[in-house]
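With PDB, C-alpha atoms, pLDDT in the B column inside, this is entry.pdb:
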```pdb
ATOM      1  CA  MET F   8       0.000   0.000   0.000  1.00 42.00           C
ATOM      2  CA  ASN F   9       3.046   2.278  -0.143  1.00 40.00           C
ATOM      3  CA  ARG F  10       3.029   5.243  -2.481  1.00 42.00           C
ATOM      4  CA  THR F  11       5.252   8.173  -3.415  1.00 43.00           C
ATOM      5  CA  LEU F  12       4.424  11.345  -1.520  1.00 43.00           C
ATOM      6  CA  ASP F  13       3.675  14.419  -3.596  1.00 49.00           C
ATOM      7  CA  ILE F  14       5.073  17.896  -2.884  1.00 40.00           C
ATOM      8  CA  GLN F  15       2.017  18.975  -0.905  1.00 67.00           C
ATOM      9  CA  ASP F  16       2.322  15.913   1.350  1.00 64.00           C
ATOM     10  CA  ALA F  17       6.044  16.531   1.845  1.00 68.00           C
ATOM     11  CA  ASP F  18       5.388  20.159   2.835  1.00 71.00           C
ATOM     12  CA  ARG F  19       2.769  19.047   5.334  1.00 69.00           C
ATOM     13  CA  ILE F  20       5.163  16.538   6.885  1.00 73.00           C
ATOM     14  CA  LYS F  21       7.834  19.228   7.292  1.00 76.00           C
ATOM     15  CA  THR F  22       5.277  21.536   8.908  1.00 75.00           C
ATOM     16  CA  VAL F  23       4.193  18.862  11.389  1.00 77.00           C
ATOM     17  CA  GLN F  24       7.821  18.057  12.231  1.00 78.00           C
ATOM     18  CA  ARG F  25       8.563  21.743  12.832  1.00 77.00           C
ATOM     19  CA  ILE F  26       5.504  22.202  15.030  1.00 77.00           C
ATOM     20  CA  PHE F  27       6.175  19.196  17.240  1.00 77.00           C
ATOM     21  CA  ASN F  28       9.889  19.921  17.523  1.00 76.00           C
ATOM     22  CA  SER F  29       8.892  23.395  18.706  1.00 75.00           C
ATOM     23  CA  VAL F  30       6.415  22.321  21.406  1.00 77.00           C
ATOM     24  CA  THR F  31       8.228  19.235  22.717  1.00 78.00           C
ATOM     25  CA  PRO F  32       9.440  20.752  26.049  1.00 78.00           C
ATOM     26  CA  GLN F  33       5.881  21.785  26.996  1.00 81.00           C
ATOM     27  CA  TYR F  34       4.082  18.928  25.243  1.00 81.00           C
ATOM     28  CA  ASP F  35       3.253  16.752  28.264  1.00 89.00           C
ATOM     29  CA  LEU F  36       2.250  19.725  30.422  1.00 85.00           C
ATOM     30  CA  LEU F  37      -0.069  21.090  27.750  1.00 80.00           C
ATOM     31  CA  ASN F  38      -1.601  17.680  27.105  1.00 83.00           C
ATOM     32  CA  ARG F  39      -2.507  17.376  30.788  1.00 88.00           C
ATOM     33  CA  LEU F  40      -3.807  20.945  31.065  1.00 83.00           C
ATOM     34  CA  LEU F  41      -5.782  21.047  27.832  1.00 81.00           C
ATOM     35  CA  SER F  42      -7.451  17.684  28.434  1.00 87.00           C
ATOM     36  CA  GLY F  43      -7.944  18.043  32.187  1.00 89.00           C
ATOM     37  CA  ARG F  44      -5.698  14.957  32.505  1.00 93.00           C
ATOM     38  CA  GLN F  45      -8.184  12.953  30.470  1.00 95.00           C
ATOM     39  CA  ASP F  46      -5.342  12.091  28.077  1.00 95.00           C
ATOM     40  CA  VAL F  47      -3.878   9.882  30.831  1.00 96.00           C
ATOM     41  CA  TYR F  48      -7.189   8.040  31.156  1.00 97.00           C
ATOM     42  CA  TRP F  49      -7.538   7.685  27.361  1.00 97.00           C
ATOM     43  CA  ARG F  50      -4.129   6.057  27.054  1.00 97.00           C
ATOM     44  CA  ARG F  51      -4.834   3.794  30.006  1.00 97.00           C
ATOM     45  CA  ARG F  52      -8.027   2.619  28.331  1.00 97.00           C
ATOM     46  CA  THR F  53      -6.141   1.947  25.101  1.00 98.00           C
ATOM     47  CA  VAL F  54      -3.601  -0.307  26.806  1.00 98.00           C
ATOM     48  CA  ARG F  55      -6.422  -2.216  28.502  1.00 98.00           C
ATOM     49  CA  HIS F  56      -7.585  -3.237  25.029  1.00 98.00           C
ATOM     50  CA  PHE F  57      -4.351  -5.032  24.138  1.00 98.00           C
ATOM     51  CA  PRO F  58      -4.901  -8.691  23.197  1.00 97.00           C
ATOM     52  CA  GLU F  59      -4.444 -11.165  26.038  1.00 94.00           C
ATOM     53  CA  ASN F  60      -0.862 -12.250  26.665  1.00 94.00           C
ATOM     54  CA  SER F  61       0.583  -9.559  24.403  1.00 97.00           C
ATOM     55  CA  GLU F  62       4.361  -9.696  24.188  1.00 97.00           C
ATOM     56  CA  ARG F  63       5.241  -7.159  21.481  1.00 98.00           C
ATOM     57  CA  VAL F  64       3.545  -3.846  20.697  1.00 98.00           C
ATOM     58  CA  ILE F  65       4.437  -0.952  18.431  1.00 98.00           C
ATOM     59  CA  ASP F  66       3.314   2.596  19.219  1.00 98.00           C
ATOM     60  CA  ILE F  67       3.275   4.781  16.104  1.00 98.00           C
ATOM     61  CA  ALA F  68       3.835   8.542  16.536  1.00 95.00           C
ATOM     62  CA  THR F  69       4.892   7.711  20.082  1.00 97.00           C
ATOM     63  CA  GLY F  70       5.773  11.324  20.915  1.00 94.00           C
ATOM     64  CA  THR F  71       7.199  11.485  24.429  1.00 95.00           C
ATOM     65  CA  GLY F  72       6.370   7.833  25.018  1.00 97.00           C
ATOM     66  CA  ASP F  73       3.195   7.969  27.122  1.00 97.00           C
ATOM     67  CA  ILE F  74       1.528   4.918  25.551  1.00 97.00           C
ATOM     68  CA  ALA F  75       4.743   2.903  25.802  1.00 98.00           C
ATOM     69  CA  LEU F  76       5.203   3.773  29.458  1.00 98.00           C
ATOM     70  CA  GLU F  77       1.563   3.010  30.268  1.00 98.00           C
ATOM     71  CA  ALA F  78       1.968  -0.366  28.539  1.00 98.00           C
ATOM     72  CA  ILE F  79       4.888  -1.196  30.834  1.00 97.00           C
ATOM     73  CA  LYS F  80       2.874  -0.188  33.896  1.00 97.00           C
ATOM     74  CA  GLN F  81       0.042  -2.546  33.005  1.00 97.00           C
ATOM     75  CA  HIS F  82       2.196  -5.307  31.501  1.00 96.00           C
ATOM     76  CA  PRO F  83       5.668  -5.226  33.132  1.00 95.00           C
ATOM     77  CA  GLU F  84       7.086  -7.943  30.859  1.00 95.00           C
ATOM     78  CA  ILE F  85       5.826  -6.544  27.542  1.00 97.00           C
ATOM     79  CA  ASN F  86       8.212  -5.154  24.911  1.00 98.00           C
ATOM     80  CA  VAL F  87       7.239  -1.913  23.176  1.00 98.00           C
ATOM     81  CA  ILE F  88       8.696  -0.167  20.153  1.00 98.00           C
ATOM     82  CA  GLY F  89       7.979   3.556  20.052  1.00 98.00           C
ATOM     83  CA  LEU F  90       8.296   4.993  16.539  1.00 98.00           C
ATOM     84  CA  ASP F  91       8.263   8.695  15.679  1.00 96.00           C
ATOM     85  CA  PHE F  92       9.626  11.001  12.988  1.00 92.00           C
ATOM     86  CA  VAL F  93      10.252  13.973  15.301  1.00 91.00           C
ATOM     87  CA  PRO F  94      13.789  13.675  16.762  1.00 90.00           C
ATOM     88  CA  ARG F  95      13.172  15.960  19.736  1.00 91.00           C
ATOM     89  CA  MET F  96      10.120  13.964  20.794  1.00 92.00           C
ATOM     90  CA  LEU F  97      12.205  10.786  20.814  1.00 96.00           C
ATOM     91  CA  GLN F  98      14.861  12.498  22.926  1.00 95.00           C
ATOM     92  CA  PHE F  99      12.275  13.373  25.573  1.00 95.00           C
ATOM     93  CA  ALA F 100      10.781   9.874  25.363  1.00 97.00           C
ATOM     94  CA  ALA F 101      14.251   8.434  25.998  1.00 97.00           C
ATOM     95  CA  VAL F 102      14.673  10.574  29.133  1.00 97.00           C
ATOM     96  CA  LYS F 103      11.275   9.461  30.465  1.00 97.00           C
ATOM     97  CA  THR F 104      12.027   5.821  29.653  1.00 98.00           C
ATOM     98  CA  LYS F 105      15.329   5.966  31.534  1.00 97.00           C
ATOM     99  CA  LYS F 106      13.692   7.688  34.510  1.00 97.00           C
ATOM    100  CA  ALA F 107      11.111   4.883  34.653  1.00 96.00           C
ATOM    101  CA  ASN F 108      13.864   2.218  34.444  1.00 97.00           C
ATOM    102  CA  ALA F 109      12.052   0.856  31.401  1.00 97.00           C
ATOM    103  CA  GLU F 110      14.914   0.805  28.894  1.00 96.00           C
ATOM    104  CA  LYS F 111      14.932  -3.002  28.905  1.00 97.00           C
ATOM    105  CA  HIS F 112      11.368  -3.098  27.594  1.00 98.00           C
ATOM    106  CA  ILE F 113      10.989   0.071  25.499  1.00 98.00           C
ATOM    107  CA  GLY F 114      12.890   0.648  22.271  1.00 98.00           C
ATOM    108  CA  LEU F 115      12.665   4.022  20.540  1.00 98.00           C
ATOM    109  CA  ILE F 116      13.327   4.419  16.827  1.00 97.00           C
ATOM    110  CA  ALA F 117      13.024   7.143  14.222  1.00 96.00           C
ATOM    111  CA  GLY F 118      10.657   6.032  11.517  1.00 94.00           C
ATOM    112  CA  ASP F 119       7.839   6.724   9.106  1.00 91.00           C
ATOM    113  CA  ALA F 120       4.281   5.493   9.714  1.00 95.00           C
ATOM    114  CA  LEU F 121       3.927   4.949   5.957  1.00 95.00           C
ATOM    115  CA  HIS F 122       6.892   2.546   5.894  1.00 95.00           C
ATOM    116  CA  ILE F 123       7.022   0.755   9.250  1.00 97.00           C
ATOM    117  CA  PRO F 124      10.428  -0.988   9.361  1.00 96.00           C
ATOM    118  CA  PHE F 125       9.256  -4.372  10.662  1.00 97.00           C
ATOM    119  CA  GLN F 126       8.212  -7.656   9.082  1.00 97.00           C
ATOM    120  CA  ASN F 127       4.647  -8.830   8.602  1.00 98.00           C
ATOM    121  CA  ASN F 128       2.741 -10.289  11.577  1.00 98.00           C
ATOM    122  CA  TYR F 129       5.402  -9.262  14.101  1.00 98.00           C
ATOM    123  CA  PHE F 130       3.421  -7.415  16.801  1.00 98.00           C
ATOM    124  CA  ASP F 131       0.445  -8.325  18.965  1.00 98.00           C
ATOM    125  CA  ALA F 132      -0.892  -4.769  18.684  1.00 98.00           C
ATOM    126  CA  ALA F 133      -0.165  -1.489  16.925  1.00 98.00           C
ATOM    127  CA  THR F 134      -1.274   1.766  18.535  1.00 98.00           C
ATOM    128  CA  ILE F 135      -1.371   5.422  17.572  1.00 98.00           C
ATOM    129  CA  ALA F 136      -2.621   8.215  19.840  1.00 97.00           C
ATOM    130  CA  PHE F 137      -3.589  11.544  18.289  1.00 93.00           C
ATOM    131  CA  GLY F 138      -1.140  11.107  15.450  1.00 93.00           C
ATOM    132  CA  LEU F 139      -3.184   9.658  12.609  1.00 95.00           C
ATOM    133  CA  ARG F 140      -4.610  13.050  11.664  1.00 92.00           C
ATOM    134  CA  ASN F 141      -1.061  14.323  11.042  1.00 90.00           C
ATOM    135  CA  ILE F 142      -0.329  11.646   8.430  1.00 91.00           C
ATOM    136  CA  PRO F 143      -0.996  12.654   4.799  1.00 88.00           C
ATOM    137  CA  ASP F 144      -1.965   9.149   3.622  1.00 93.00           C
ATOM    138  CA  ILE F 145      -4.218   7.608   6.256  1.00 95.00           C
ATOM    139  CA  PRO F 146      -5.163   4.440   4.306  1.00 96.00           C
ATOM    140  CA  THR F 147      -1.498   3.551   3.813  1.00 96.00           C
ATOM    141  CA  ALA F 148      -0.742   4.164   7.498  1.00 97.00           C
ATOM    142  CA  LEU F 149      -3.656   1.929   8.508  1.00 98.00           C
ATOM    143  CA  GLY F 150      -2.502  -0.707   6.033  1.00 97.00           C
ATOM    144  CA  GLU F 151       0.991  -0.638   7.495  1.00 98.00           C
ATOM    145  CA  MET F 152      -0.330  -1.013  11.039  1.00 98.00           C
ATOM    146  CA  GLN F 153      -2.477  -3.934   9.912  1.00 98.00           C
ATOM    147  CA  ARG F 154       0.486  -5.515   8.075  1.00 98.00           C
ATOM    148  CA  VAL F 155       2.832  -5.616  11.086  1.00 98.00           C
ATOM    149  CA  VAL F 156       0.182  -7.000  13.459  1.00 98.00           C
ATOM    150  CA  ARG F 157      -0.221 -10.788  13.755  1.00 98.00           C
ATOM    151  CA  PRO F 158      -3.503 -12.512  12.879  1.00 98.00           C
ATOM    152  CA  GLY F 159      -5.787 -12.000  15.864  1.00 98.00           C
ATOM    153  CA  GLY F 160      -3.806  -8.914  16.884  1.00 98.00           C
ATOM    154  CA  LYS F 161      -5.265  -5.441  17.181  1.00 98.00           C
ATOM    155  CA  VAL F 162      -4.905  -1.985  15.672  1.00 98.00           C
ATOM    156  CA  LEU F 163      -5.826   0.636  18.296  1.00 98.00           C
ATOM    157  CA  ILE F 164      -6.303   4.312  17.472  1.00 98.00           C
ATOM    158  CA  LEU F 165      -7.076   7.288  19.717  1.00 97.00           C
ATOM    159  CA  GLU F 166      -8.402  10.420  18.010  1.00 95.00           C
ATOM    160  CA  MET F 167     -10.387  13.468  19.041  1.00 91.00           C
ATOM    161  CA  THR F 168     -13.620  14.381  17.303  1.00 90.00           C
ATOM    162  CA  PHE F 169     -16.730  16.494  17.765  1.00 84.00           C
ATOM    163  CA  PRO F 170     -19.295  15.075  20.230  1.00 81.00           C
ATOM    164  CA  LYS F 171     -22.729  14.127  18.915  1.00 82.00           C
ATOM    165  CA  ASN F 172     -24.475  16.036  21.709  1.00 82.00           C
ATOM    166  CA  ILE F 173     -25.229  19.538  20.375  1.00 84.00           C
ATOM    167  CA  GLY F 174     -24.434  21.309  23.649  1.00 86.00           C
ATOM    168  CA  MET F 175     -21.135  19.486  24.091  1.00 84.00           C
ATOM    169  CA  ARG F 176     -20.351  20.013  20.416  1.00 82.00           C
ATOM    170  CA  ARG F 177     -20.767  23.787  20.744  1.00 87.00           C
ATOM    171  CA  PHE F 178     -18.691  23.898  23.909  1.00 87.00           C
ATOM    172  CA  PHE F 179     -15.946  21.763  22.377  1.00 83.00           C
ATOM    173  CA  ASN F 180     -15.871  23.950  19.257  1.00 83.00           C
ATOM    174  CA  TRP F 181     -15.519  27.080  21.414  1.00 88.00           C
ATOM    175  CA  TYR F 182     -12.842  25.424  23.561  1.00 84.00           C
ATOM    176  CA  LEU F 183     -10.850  24.261  20.539  1.00 80.00           C
ATOM    177  CA  ASN F 184     -10.861  27.626  18.830  1.00 82.00           C
ATOM    178  CA  ASN F 185     -10.366  29.877  21.842  1.00 84.00           C
ATOM    179  CA  ILE F 186      -8.885  28.227  24.932  1.00 82.00           C
ATOM    180  CA  ILE F 187      -6.445  25.823  23.273  1.00 76.00           C
ATOM    181  CA  PRO F 188      -4.719  28.493  21.112  1.00 77.00           C
ATOM    182  CA  LEU F 189      -4.607  30.874  24.087  1.00 80.00           C
ATOM    183  CA  LEU F 190      -3.028  28.401  26.508  1.00 74.00           C
ATOM    184  CA  GLY F 191      -0.732  27.110  23.790  1.00 70.00           C
ATOM    185  CA  ARG F 192       0.504  30.616  23.066  1.00 72.00           C
ATOM    186  CA  LEU F 193       1.015  31.456  26.761  1.00 73.00           C
ATOM    187  CA  ILE F 194       2.872  28.266  27.654  1.00 70.00           C
ATOM    188  CA  SER F 195       4.657  27.177  24.490  1.00 65.00           C
ATOM    189  CA  ARG F 196       5.157  30.600  22.899  1.00 65.00           C
ATOM    190  CA  ASP F 197       4.196  28.991  19.601  1.00 61.00           C
ATOM    191  CA  SER F 198       0.732  30.208  18.635  1.00 58.00           C
ATOM    192  CA  GLY F 199       0.921  28.428  15.268  1.00 63.00           C
ATOM    193  CA  ALA F 200       1.333  25.030  16.882  1.00 64.00           C
ATOM    194  CA  TYR F 201      -1.839  25.315  18.918  1.00 67.00           C
ATOM    195  CA  ARG F 202      -3.723  26.862  16.049  1.00 73.00           C
ATOM    196  CA  TYR F 203      -2.811  23.787  14.028  1.00 77.00           C
ATOM    197  CA  LEU F 204      -4.230  21.446  16.699  1.00 76.00           C
ATOM    198  CA  PRO F 205      -7.893  22.570  16.482  1.00 77.00           C
ATOM    199  CA  ASP F 206      -7.650  22.882  12.702  1.00 82.00           C
ATOM    200  CA  SER F 207      -6.384  19.300  12.400  1.00 84.00           C
ATOM    201  CA  ILE F 208      -9.171  17.970  14.642  1.00 83.00           C
ATOM    202  CA  GLN F 209     -11.857  19.812  12.706  1.00 83.00           C
ATOM    203  CA  ALA F 210     -10.523  18.575   9.372  1.00 85.00           C
ATOM    204  CA  PHE F 211     -10.186  14.934  10.454  1.00 90.00           C
ATOM    205  CA  LEU F 212     -12.447  12.015   9.635  1.00 93.00           C
ATOM    206  CA  SER F 213     -15.579  11.304  11.657  1.00 93.00           C
ATOM    207  CA  PRO F 214     -15.562   8.121  13.776  1.00 95.00           C
ATOM    208  CA  GLY F 215     -17.760   6.418  11.191  1.00 96.00           C
ATOM    209  CA  GLU F 216     -15.462   7.382   8.311  1.00 96.00           C
ATOM    210  CA  LEU F 217     -12.400   6.124  10.167  1.00 97.00           C
ATOM    211  CA  SER F 218     -14.165   2.856  10.997  1.00 97.00           C
ATOM    212  CA  ASN F 219     -14.968   2.396   7.302  1.00 97.00           C
ATOM    213  CA  LEU F 220     -11.308   2.927   6.366  1.00 97.00           C
ATOM    214  CA  MET F 221     -10.202   0.389   8.945  1.00 98.00           C
ATOM    215  CA  GLU F 222     -12.545  -2.166   7.418  1.00 98.00           C
ATOM    216  CA  LYS F 223     -11.305  -1.339   3.917  1.00 97.00           C
ATOM    217  CA  VAL F 224      -7.716  -2.231   4.845  1.00 96.00           C
ATOM    218  CA  GLY F 225      -8.931  -5.624   6.049  1.00 97.00           C
ATOM    219  CA  LEU F 226      -9.574  -5.204   9.763  1.00 98.00           C
ATOM    220  CA  ILE F 227     -12.587  -6.917  11.297  1.00 98.00           C
ATOM    221  CA  GLU F 228     -14.636  -6.509  14.502  1.00 98.00           C
ATOM    222  CA  VAL F 229     -14.101  -2.766  14.140  1.00 98.00           C
ATOM    223  CA  LYS F 230     -15.376  -0.707  17.070  1.00 97.00           C
ATOM    224  CA  ALA F 231     -15.500   3.029  17.787  1.00 97.00           C
ATOM    225  CA  ILE F 232     -15.700   3.545  21.550  1.00 97.00           C
ATOM    226  CA  PRO F 233     -16.598   7.075  22.762  1.00 96.00           C
ATOM    227  CA  LEU F 234     -14.616   8.447  25.709  1.00 96.00           C
ATOM    228  CA  THR F 235     -15.268  11.547  27.838  1.00 94.00           C
ATOM    229  CA  PHE F 236     -18.608  12.648  26.367  1.00 91.00           C
ATOM    230  CA  GLY F 237     -17.462  11.614  22.897  1.00 92.00           C
ATOM    231  CA  ILE F 238     -14.686  14.187  22.438  1.00 91.00           C
ATOM    232  CA  THR F 239     -12.285  11.290  21.931  1.00 94.00           C
ATOM    233  CA  TYR F 240     -12.831   7.854  20.409  1.00 97.00           C
ATOM    234  CA  LEU F 241     -10.879   4.666  20.842  1.00 98.00           C
ATOM    235  CA  HIS F 242     -10.993   2.818  17.529  1.00 98.00           C
ATOM    236  CA  GLU F 243     -10.263  -0.886  17.583  1.00 98.00           C
ATOM    237  CA  GLY F 244      -9.867  -3.405  14.777  1.00 98.00           C
ATOM    238  CA  VAL F 245      -8.715  -7.019  14.680  1.00 98.00           C
ATOM    239  CA  LYS F 246      -6.524  -8.584  12.006  1.00 98.00           C
ATOM    240  CA  PRO F 247      -8.310 -11.667  10.656  1.00 97.00           C
ATOM    241  CA  ASP F 248      -6.739 -15.129  10.855  1.00 92.00           C
TER     242      ASP F 248
END
```
Exercise: express the given structure as structure tokens:
Amino acid sequence: MNRTLDIQDADRIKTVQRIFNSVTPQYDLLNRLLSGRQDVYWRRRTVRHFPENSERVIDIATGTGDIALEAIKQHPEINVIGLDFVPRMLQFAAVKTKKANAEKHIGLIAGDALHIPFQNNYFDAATIAFGLRNIPDIPTALGEMQRVVRPGGKVLILEMTFPKNIGMRRFFNWYLNNIIPLLGRLISRDSGAYRYLPDSIQAFLSPGELSNLMEKVGLIEVKAIPLTFGITYLHEGVKPD
């Protein structure tokens, strides 16, 4: 499912790399503040959906390593590969991994979600948290995640979306377009980065559209599980035997 990126895609990738390199030092703090620490709960829920007796997991767009570290908390003997294309994020993830004495179980590598550098059927699960919307070719990324997962393994995706409830939808829209850019500007000093965040959420697929794409790449038993009033969904799909 690989393809050659066009110039527009390449420009978008460079923009995303610049933004996340810029906000890395404040990234964890802003995640906790802007979500009211719900991001911790969302990642915890994701890890709880790993297949039974999982031994190997890959976390795509791992950022500062929160999913990987949560995986080790819940499954002390599991081995996790954290893959990201933003060097500064990986540096911070490495510091957190060392602090948690988890270097034996967490490996961090620079890599591209469109060309995951592992063989077919290698992992028990592949995860991505709030990174899919930054990838220019979502079907290829989903296909790659499906490829590296073993039959019976899972692809698990966390993404934000607009709640179905009209009142919550209006509040979330106001919060995205006013509070997030303001706090981002005050704390990170990069107003563009936290203007990009609400724009990327608003432009992303609906839960139903993402579920359809997951089925198109061959995943089965696809579920879209709403979290925190539906502002975030945990998407789950199983690779068929």
Å distance separating atom CA of His82 of chain F from atom CA of Asp35 of chain F, one decimal place: 22.3 Å
Show me a table, sorted first by chain and then by increasing residue number, of the residues of segment 195-238 of chain F having an atom at most 10 Å from segment 165-178 of chain F, each with its shortest atom pair and the distance in Å to one decimal, counting only C-alpha atoms and written as JSON lines.
```
{"residue": "F:Pro205", "atom": "CA", "partner": "F:Met167", "partner_atom": "CA", "distance": 9.8}
{"residue": "F:Ser207", "atom": "CA", "partner": "F:Met167", "partner_atom": "CA", "distance": 9.7}
{"residue": "F:Ile208", "atom": "CA", "partner": "F:Thr168", "partner_atom": "CA", "distance": 6.3}
{"residue": "F:Gln209", "atom": "CA", "partner": "F:Thr168", "partner_atom": "CA", "distance": 7.3}
{"residue": "F:Ala210", "atom": "CA", "partner": "F:Thr168", "partner_atom": "CA", "distance": 9.5}
{"residue": "F:Phe211", "atom": "CA", "partner": "F:Thr168", "partner_atom": "CA", "distance": 7.7}
{"residue": "F:Leu212", "atom": "CA", "partner": "F:Thr168", "partner_atom": "CA", "distance": 8.1}
{"residue": "F:Ser213", "atom": "CA", "partner": "F:Thr168", "partner_atom": "CA", "distance": 6.7}
{"residue": "F:Pro214", "atom": "CA", "partner": "F:Thr168", "partner_atom": "CA", "distance": 7.4}
{"residue": "F:Leu217", "atom": "CA", "partner": "F:Glu166", "partner_atom": "CA", "distance": 9.8}
{"residue": "F:Ala231", "atom": "CA", "partner": "F:Leu165", "partner_atom": "CA", "distance": 9.6}
{"residue": "F:Ile232", "atom": "CA", "partner": "F:Leu165", "partner_atom": "CA", "distance": 9.6}
{"residue": "F:Pro233", "atom": "CA", "partner": "F:Pro170", "partner_atom": "CA", "distance": 8.8}
{"residue": "F:Leu234", "atom": "CA", "partner": "F:Met167", "partner_atom": "CA", "distance": 9.4}
{"residue": "F:Thr235", "atom": "CA", "partner": "F:Pro170", "partner_atom": "CA", "distance": 9.3}
{"residue": "F:Phe236", "atom": "CA", "partner": "F:Pro170", "partner_atom": "CA", "distance": 6.6}
{"residue": "F:Gly237", "atom": "CA", "partner": "F:Pro170", "partner_atom": "CA", "distance": 4.7}
{"residue": "F:Ile238", "atom": "CA", "partner": "F:Pro170", "partner_atom": "CA", "distance": 5.2}
```
Just the number, please: distance in Å from atom CA of Lys230 of chain F to atom CA of Ser61 of chain F, one decimal.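 Result for atom CA of Lys230 of chain F versus atom CA of Ser61 of chain F: 19.7 Å, one decimal.
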Taking the file above as input, evaluate the PyMOL selection byres ((chain F and resi 136-143) around 8) and report the hits as a VMD selection string. chain F and resid 16 19 to 20 23 50 67 to 69 74 120 134 to 135 144 to 145 148 164 to 167 207 to 208 211
When distances are computed from all atoms listed in the file, which of F:Arg192, F:Lys246, F:Arg25, F:Lys223 shows the smallest separation from Pro158 of chain F?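 Distance minimum relative to Pro158 of chain F lands on F:Lys246.
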List the residues selected by the PyMOL selection byres ((chain F and resi 186) around 12) in the file shown, writing them as a PyMOL selection string. chain F and resi 37+40-42+178-185+187-193+198+201-202+204-205
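The environment of Glu243 of chain F within 6 Å, counting all atoms listed in the file and disregarding residues fewer than 5 places along the same chain, consists of Val162, Leu163, Val229 and Lys230 of chain F.
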Top pick for closest residue to Thr31 of chain F, considering F:Arg154, F:His56, F:Lys106, F:Arg95 and counting all atoms listed in the file: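 Under the stated criterion, the closest residue is F:Arg95.
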Name the residues that the PyMOL selection byres ((chain F and resi 127-133) around 10) picks from the file above, as a ChimeraX atom specification, using the file's chain letters and numbers. /F:54,56-67,86-88,123-126,134-135,149,151-164,244-246
